$ cat structure-v8.txt   # compact mmCIF, C-alpha atoms (C1' of nucleotides)
# COMPACT_ATOMS: atom_id res chain seq x y z
CA MET A 1 108.03 103.66 97.93
CA PRO A 2 104.43 102.71 98.33
CA GLU A 3 103.42 99.16 99.08
CA LEU A 4 99.97 97.71 99.56
CA PRO A 5 99.02 99.68 102.73
CA GLU A 6 100.12 103.00 101.22
CA VAL A 7 98.34 102.33 97.93
CA GLU A 8 95.22 101.26 99.82
CA THR A 9 95.34 104.47 101.86
CA VAL A 10 95.56 106.47 98.65
CA ARG A 11 92.69 104.44 97.18
CA ARG A 12 90.47 105.29 100.14
CA GLY A 13 91.43 108.92 99.87
CA LEU A 14 90.41 108.98 96.23
CA ALA A 15 87.15 107.20 97.02
CA ASP A 16 86.35 109.98 99.49
CA THR A 17 87.24 112.82 97.17
CA ILE A 18 87.11 112.42 93.41
CA VAL A 19 85.02 109.29 92.84
CA GLY A 20 81.78 110.06 91.05
CA ARG A 21 83.07 113.37 89.77
CA ARG A 22 83.67 114.54 86.25
CA ILE A 23 87.11 115.50 84.98
CA ASP A 24 86.83 118.76 83.08
CA ARG A 25 90.49 119.36 82.33
CA VAL A 26 93.56 117.16 81.87
CA GLU A 27 97.14 118.44 81.81
CA VAL A 28 100.18 116.31 81.11
CA GLY A 29 103.52 117.93 81.84
CA ARG A 30 105.82 115.00 81.28
CA GLU A 31 105.48 112.50 78.46
CA ARG A 32 107.37 109.82 80.34
CA THR A 33 104.52 109.43 82.83
CA VAL A 34 102.16 108.45 79.98
CA ARG A 35 104.81 106.48 78.04
CA ARG A 36 102.62 103.41 77.64
CA THR A 37 100.30 105.38 75.38
CA SER A 38 100.71 109.11 74.81
CA LYS A 39 99.89 112.53 76.18
CA GLN A 40 97.02 112.91 73.74
CA ALA A 41 95.64 109.47 74.60
CA LEU A 42 95.44 110.42 78.27
CA ILE A 43 93.83 113.76 77.52
CA ASP A 44 91.30 112.17 75.16
CA GLY A 45 90.66 109.29 77.54
CA LEU A 46 89.97 111.39 80.62
CA THR A 47 88.50 114.72 79.52
CA GLY A 48 84.78 114.93 80.25
CA VAL A 49 84.80 111.52 81.89
CA SER A 50 83.74 110.51 85.41
CA ILE A 51 85.66 108.15 87.69
CA MET A 52 83.07 105.67 88.92
CA GLU A 53 85.14 103.78 91.45
CA VAL A 54 88.74 103.19 92.52
CA GLN A 55 89.91 99.63 93.04
CA ARG A 56 93.30 98.32 94.06
CA ARG A 57 95.06 95.13 93.08
CA GLY A 58 98.50 94.70 94.66
CA LYS A 59 100.17 98.05 94.13
CA TYR A 60 98.02 98.96 91.11
CA LEU A 61 95.19 101.50 91.30
CA LEU A 62 92.43 100.71 88.81
CA ALA A 63 89.52 103.04 88.17
CA PRO A 64 86.57 102.25 85.91
CA LEU A 65 85.39 105.31 84.00
CA ASP A 66 81.89 106.07 82.75
CA SER A 67 83.30 105.96 79.20
CA GLY A 68 83.79 102.21 79.47
CA TYR A 69 87.54 102.61 79.69
CA TRP A 70 89.66 102.24 82.83
CA MET A 71 92.42 104.34 84.30
CA MET A 72 95.47 102.68 85.82
CA VAL A 73 97.94 104.44 88.10
CA HIS A 74 101.12 102.88 89.47
CA LEU A 75 103.17 104.98 91.90
CA ARG A 76 106.32 102.85 91.63
CA MET A 77 109.11 104.34 93.78
CA SER A 78 108.27 107.98 94.25
CA GLY A 79 104.79 108.61 92.87
CA ARG A 80 102.21 110.51 94.91
CA LEU A 81 98.59 111.38 94.25
CA LEU A 82 97.46 114.60 95.89
CA VAL A 83 94.06 116.27 95.98
CA ALA A 84 94.13 120.04 96.41
CA ALA A 85 92.13 123.13 95.63
CA ALA A 86 92.41 124.24 92.01
CA GLY A 87 94.75 127.17 91.73
CA THR A 88 97.01 126.03 94.56
CA GLU A 89 100.66 126.04 93.57
CA ARG A 90 101.65 122.64 92.30
CA PRO A 91 104.68 120.89 93.77
CA PRO A 92 107.77 120.21 91.65
CA HIS A 93 107.47 117.09 89.49
CA THR A 94 103.71 117.36 89.02
CA HIS A 95 103.40 115.44 85.75
CA VAL A 96 99.63 115.05 85.45
CA ALA A 97 96.86 117.30 86.75
CA LEU A 98 93.17 116.46 86.54
CA THR A 99 90.69 119.21 87.35
CA PHE A 100 87.35 118.36 88.98
CA GLY A 101 85.53 121.67 89.32
CA PRO A 102 87.12 123.34 92.36
CA ASP A 103 89.51 120.47 93.06
CA GLU A 104 92.54 119.02 91.35
CA LEU A 105 94.19 115.63 91.46
CA TRP A 106 97.95 115.75 90.91
CA PHE A 107 100.29 112.95 90.02
CA VAL A 108 103.65 113.97 91.45
CA ASP A 109 106.64 111.75 90.78
CA PRO A 110 110.29 112.92 91.06
CA ARG A 111 111.84 109.71 89.78
CA THR A 112 109.29 109.30 86.97
CA PHE A 113 109.08 105.52 87.30
CA GLY A 114 105.35 105.76 87.91
CA GLU A 115 102.74 105.84 85.20
CA VAL A 116 99.20 106.81 84.38
CA VAL A 117 97.30 105.18 81.54
CA VAL A 118 93.78 104.87 80.20
CA TYR A 119 93.11 101.45 78.72
CA ASP A 120 90.33 99.43 77.16
CA PRO A 121 89.34 96.64 79.59
CA GLU A 122 88.40 94.47 76.63
CA ARG A 123 92.02 94.68 75.50
CA ALA A 124 93.60 94.44 78.97
CA ALA A 125 95.50 91.31 77.98
CA GLU A 126 97.38 93.30 75.33
CA GLU A 127 97.46 96.75 76.89
CA MET A 128 97.99 95.83 80.55
CA PRO A 129 99.50 92.34 80.43
CA GLU A 130 100.98 92.53 83.92
CA LEU A 131 97.56 92.74 85.55
CA ALA A 132 96.64 89.21 84.54
CA LYS A 133 99.90 87.93 86.00
CA LEU A 134 99.37 89.41 89.47
CA GLY A 135 99.18 86.88 92.26
CA VAL A 136 96.77 86.76 95.18
CA ASP A 137 96.12 90.06 96.98
CA PRO A 138 96.11 89.28 100.72
CA VAL A 139 93.56 92.02 101.47
CA VAL A 140 91.20 91.82 98.50
CA ASP A 141 91.25 88.05 98.03
CA ARG A 142 90.63 85.17 100.38
CA PHE A 143 93.99 84.56 102.00
CA ASP A 144 94.89 81.86 104.48
CA ARG A 145 97.61 79.28 105.09
CA THR A 146 96.40 77.12 102.21
CA VAL A 147 96.57 79.99 99.76
CA LEU A 148 100.00 80.99 101.07
CA ALA A 149 101.25 77.40 100.88
CA ARG A 150 100.26 77.32 97.24
CA ALA A 151 102.01 80.65 96.60
CA LEU A 152 105.22 79.41 98.20
CA ALA A 153 105.20 75.98 96.59
CA GLY A 154 107.61 74.73 94.01
CA THR A 155 110.52 77.06 94.53
CA SER A 156 113.61 76.89 96.67
CA ARG A 157 114.29 80.60 96.26
CA PRO A 158 114.60 82.58 99.52
CA VAL A 159 111.20 83.10 101.10
CA LYS A 160 111.67 86.88 101.02
CA THR A 161 112.25 86.79 97.27
CA VAL A 162 109.07 84.80 96.82
CA LEU A 163 107.03 87.14 99.03
CA LEU A 164 108.26 90.05 96.91
CA ASP A 165 107.28 88.30 93.68
CA GLN A 166 104.12 90.12 92.59
CA HIS A 167 103.18 87.17 90.37
CA ARG A 168 102.76 85.02 93.47
CA ILE A 169 101.53 87.51 96.10
CA ALA A 170 100.56 91.02 95.06
CA GLY A 171 101.23 93.95 97.34
CA LEU A 172 104.16 93.15 99.61
CA GLY A 173 107.28 95.26 99.13
CA ASN A 174 110.59 95.64 100.89
CA ILE A 175 109.31 97.10 104.16
CA TYR A 176 106.41 94.76 104.76
CA THR A 177 108.17 91.52 103.78
CA ASP A 178 110.77 92.21 106.47
CA GLU A 179 108.12 93.14 109.04
CA VAL A 180 106.02 90.09 108.21
CA LEU A 181 108.94 87.65 108.32
CA HIS A 182 110.01 89.02 111.69
CA ARG A 183 106.58 88.62 113.21
CA ALA A 184 106.37 85.10 111.80
CA ARG A 185 109.86 84.38 113.24
CA VAL A 186 111.13 83.17 109.86
CA ARG A 187 114.51 84.09 108.42
CA PHE A 188 114.41 85.84 105.04
CA ASP A 189 116.80 83.37 103.39
CA ARG A 190 114.99 80.14 104.17
CA PRO A 191 114.08 78.27 100.96
CA ALA A 192 110.39 78.94 100.41
CA SER A 193 109.53 75.32 99.74
CA ALA A 194 111.21 74.23 102.99
CA LEU A 195 108.93 76.11 105.36
CA ARG A 196 107.11 73.85 107.81
CA PRO A 197 103.32 73.98 107.99
CA VAL A 198 103.44 75.75 111.35
CA GLU A 199 105.66 78.42 109.85
CA ILE A 200 103.38 78.89 106.87
CA THR A 201 100.49 79.34 109.27
CA ARG A 202 102.39 81.96 111.26
CA LEU A 203 103.44 83.70 108.06
CA SER A 204 99.91 83.84 106.64
CA LYS A 205 98.61 85.32 109.89
CA ALA A 206 101.47 87.83 110.01
CA ILE A 207 100.80 88.97 106.45
CA VAL A 208 97.14 89.69 107.16
CA GLU A 209 97.81 91.25 110.56
CA VAL A 210 100.67 93.49 109.46
CA LEU A 211 98.89 94.70 106.34
CA SER A 212 95.67 95.37 108.27
CA ALA A 213 97.48 97.26 111.01
CA ALA A 214 99.47 99.23 108.46
CA ILE A 215 96.32 100.21 106.55
CA GLU A 216 94.74 101.17 109.84
CA ALA A 217 97.75 103.42 110.51
CA GLY A 218 97.59 104.97 107.05
CA GLY A 219 100.79 103.30 105.81
CA SER A 220 104.44 104.01 106.59
CA THR A 221 106.15 107.35 106.03
CA LEU A 222 109.94 107.11 106.34
CA VAL A 223 112.29 109.91 107.32
CA ASP A 224 112.34 111.33 103.81
CA THR A 225 108.54 111.88 104.10
CA GLN A 226 108.15 110.76 100.50
CA TYR A 227 104.91 108.96 101.14
CA VAL A 228 101.81 110.94 102.07
CA ASP A 229 98.12 110.33 101.43
CA VAL A 230 95.97 112.36 99.03
CA ALA A 231 95.56 115.08 101.64
CA GLY A 232 99.30 115.26 102.25
CA ARG A 233 99.14 113.49 105.60
CA THR A 234 101.92 111.13 106.66
CA GLY A 235 101.31 107.51 107.62
CA GLU A 236 102.05 106.33 111.14
CA PHE A 237 102.89 102.65 110.79
CA GLN A 238 106.64 103.39 110.81
CA HIS A 239 106.31 103.66 114.60
CA GLN A 240 105.32 100.01 114.65
CA HIS A 241 108.24 98.82 112.51
CA LEU A 242 110.17 96.16 114.41
CA VAL A 243 113.04 95.61 111.98
CA TYR A 244 112.91 97.75 108.82
CA GLY A 245 115.62 100.40 108.95
CA ARG A 246 116.68 99.36 112.48
CA GLN A 247 120.08 97.79 111.81
CA ASP A 248 122.43 97.88 114.84
CA GLU A 249 119.50 98.71 117.12
CA GLY A 250 118.20 96.31 119.75
CA CYS A 251 115.49 93.85 118.79
CA LEU A 252 112.20 95.03 120.27
CA THR A 253 110.88 91.47 120.34
CA CYS A 254 113.55 89.53 122.24
CA GLU A 255 115.30 92.60 123.68
CA LYS A 256 118.58 90.69 123.49
CA ALA A 257 119.87 90.52 119.95
CA VAL A 258 120.70 93.36 117.58
CA ILE A 259 118.94 93.84 114.25
CA ARG A 260 121.11 92.92 111.31
CA ARG A 261 121.14 94.13 107.74
CA SER A 262 121.77 91.86 104.80
CA THR A 263 121.01 91.83 101.08
CA VAL A 264 118.68 89.57 99.11
CA GLY A 265 117.96 90.03 95.46
CA GLY A 266 119.64 93.41 95.65
CA ARG A 267 117.28 94.62 98.39
CA SER A 268 118.29 95.65 101.89
CA THR A 269 116.95 93.19 104.39
CA PHE A 270 116.54 93.68 108.12
CA TYR A 271 116.06 90.84 110.59
CA CYS A 272 116.71 89.60 114.10
CA PRO A 273 119.19 86.69 114.06
CA ARG A 274 117.81 85.44 117.36
CA CYS A 275 114.03 85.64 116.79
CA GLN A 276 114.08 84.57 113.15
CA ARG A 277 115.27 81.06 112.32
C1' DA B 278 114.59 77.87 86.70
C1' DA B 279 117.19 81.00 89.16
C1' DA B 280 120.53 84.32 90.57
C1' DC B 281 122.37 88.80 89.43
C1' DA B 282 123.08 93.09 87.37
C1' DA B 283 121.47 96.80 84.93
C1' DA B 284 118.09 99.85 83.51
C1' DC B 285 114.66 103.45 84.16
C1' DC B 286 115.28 108.77 87.10
C1' DT B 287 115.88 112.25 90.86
C1' DG B 288 116.93 113.47 95.46
C1' DT B 289 119.22 113.04 99.84
C1' DG B 290 122.60 112.05 103.16
C1' DC B 291 127.21 111.03 104.34
C1' DG B 292 132.31 110.90 104.41
C1' DC B 293 136.09 113.57 103.08
C1' DT C 294 130.78 124.47 100.91
C1' DG C 295 131.44 121.26 97.51
C1' DC C 296 132.20 116.58 95.45
C1' DG C 297 131.58 111.90 94.78
C1' DC C 298 129.36 107.98 96.09
C1' DA C 299 125.84 104.95 98.12
C1' DC C 300 121.25 104.30 98.45
C1' DA C 301 115.99 104.70 98.12
C1' DG C 302 109.23 102.16 99.13
C1' DG C 303 109.22 99.02 92.22
C1' DT C 304 109.37 96.38 88.14
C1' DT C 305 111.21 94.81 83.75
C1' DT C 306 114.80 93.11 80.89
C1' DG C 307 118.93 90.94 79.77
C1' DT C 308 122.97 88.02 81.11
C1' DT C 309 125.22 84.26 83.16

$ encode --input "structure-v8.txt" --output "structure tokens"
Amino acid sequence: MPELPEVETVRRGLADTIVGRRIDRVEVGRERTVRRTSKQALIDGLTGVSIMEVQRRGKYLLAPLDSGYWMMVHLRMSGRLLVAAAGTERPPHTHVALTFGPDELWFVDPRTFGEVVVYDPERAAEEMPELAKLGVDPVVDRFDRTVLARALAGTSRPVKTVLLDQHRIAGLGNIYTDEVLHRARVRFDRPASALRPVEITRLSKAIVEVLSAAIEAGGSTLVDTQYVDVAGRTGEFQHQHLVYGRQDEGCLTCEKAVIRRSTVGGRSTFYCPRCQR
DNA sequence: AAACAAACCTGTGCGC
DNA sequence: TGCGCACAGGTTTGTT
């Protein structure tokens, strides 16, 4: 579900609510959510501790704690973080609840792919090996056509597959790759290494522009309203989607062709056969 | 290296 | 109404 703009929106919501505050109670209702360590490890790692800051890298939320440890949250497909008044009825699938005085932070996740973990930053290489493998984050890191060219180099895989590869670029998911490729007028199945310099330039600009606009809009909430921010508000960027989920509808860019749906790497892919070459 | 499928889960929407 | 199936924003793992 959540891609970079949604995770960034959640990050900002946490920064405005629970950062700097002490956790006085930790409840874990589902072991699977803390599978990397254990229920007791999460309780011990968070009780009585303050969250000093919330950072984001790709789709990972990383929060340094005043204990010297860090908390990592990944929402995967259906995870949500919600801040609400303590005592409010918790939604179904609330697997972790942190109490901060009068407020609570809930990790809600129907599909249970998401996870919450407290780890030792000194041992991040062993405990959180995927973090070191993350590629460039187009919002946090310097990102331009040179950086993108490097990320796309050396592979003839479809450009969409490469954009989705978190080891090369961290943060793009299925919605935003399609939106970015459309705005850059590049077909999803072009071999990454075959893009011309002018196309790489367009693509790098599209990545920054789409992600910025999507963050500005608070992310995308699809018809199932799965994604909401920490206050339960929906995003609004779905109204600016030009291709995602629009198969058989007219292209809003050329107003002539019809948006098509295809599959790449097992993921639904939406594109305009006329605009994207 | 790369392409694919399966796996992890639950919910929803659709055709019949 | 109910049933079965396809499909879903992510990532890892195993198989050709």

$ residues_around --input "structure-v8.txt" --residues "DG302 of chain C" --least-positions-apart "6" --cutoff "9 Å" --atoms "only C-alpha atoms (C1' of nucleotides)" --output "list in words"
Met1, Pro2, Glu3, Arg76, Met77, Ser78, Gly173, Asn174, Ile175, Leu222, Gln226 and Tyr227 of chain A

$ atom_distance --input "structure-v8.txt" --atom1 "atom CA of Val26 of chain A" --atom2 "atom CA of Leu98 of chain A"
4.7 Å

$ atom_distance --input "structure-v8.txt" --atom1 "atom CA of Gly13 of chain A" --atom2 "atom CA of Leu46 of chain A"
19.5 Å

$ closest_atom_pairs --input "structure-v8.txt" --of "chain C" --to "chain A" --cutoff "10 Å" --atoms "all atoms listed in the file" --output "tab-separated table"
residue	atom	partner	partner_atom	distance
C:DC300	C1'	A:Ser268	CA	9.8
C:DA301	C1'	A:Met1	CA	8.0
C:DG302	C1'	A:Met1	CA	2.3
C:DG303	C1'	A:Arg76	CA	4.8
C:DT304	C1'	A:Arg76	CA	8.0

$ atom_distance --input "structure-v8.txt" --atom1 "atom CA of Thr201 of chain A" --atom2 "atom CA of Leu134 of chain A"
22.2 Å

$ interface_residues --input "structure-v8.txt" --of "chain A" --to "chain B" --cutoff "9 Å" --atoms "only C-alpha atoms (C1' of nucleotides)" --output "compact mmCIF listing (two decimals) with C-alpha atoms, keeping the file's coordinate frame"
# COMPACT_ATOMS: atom_id res chain seq x y z
CA PRO A 110 110.29 112.92 91.06
CA ARG A 111 111.84 109.71 89.78
CA THR A 112 109.29 109.30 86.97
CA PHE A 113 109.08 105.52 87.30
CA THR A 155 110.52 77.06 94.53
CA ARG A 157 114.29 80.60 96.26
CA ASP A 224 112.34 111.33 103.81
CA GLY A 265 117.96 90.03 95.46
CA GLY A 266 119.64 93.41 95.65

$ residues_around --input "structure-v8.txt" --residues "segment 149-152 of chain A" --least-positions-apart "3" --cutoff "9 Å" --atoms "all atoms listed in the file" --output "PyMOL selection string"
chain A and resi 135-136+144-146+155-156+159+162-163+168-169+192-193+195+197+200-201+204

$ closest_residue --input "structure-v8.txt" --among "A:Leu81, A:Tyr119, A:Val140, A:Trp70" --to "Gly232 of chain A" --atoms "all atoms listed in the file"
A:Leu81

$ axis_aligned_box --input "structure-v8.txt" --around "segment 296-303 of chain C" --padding-each-side "6 Å" --output "JSON"
{"center_x": 120.7, "center_y": 107.8, "center_z": 95.7, "size_x": 35.0, "size_y": 29.6, "size_z": 18.9}
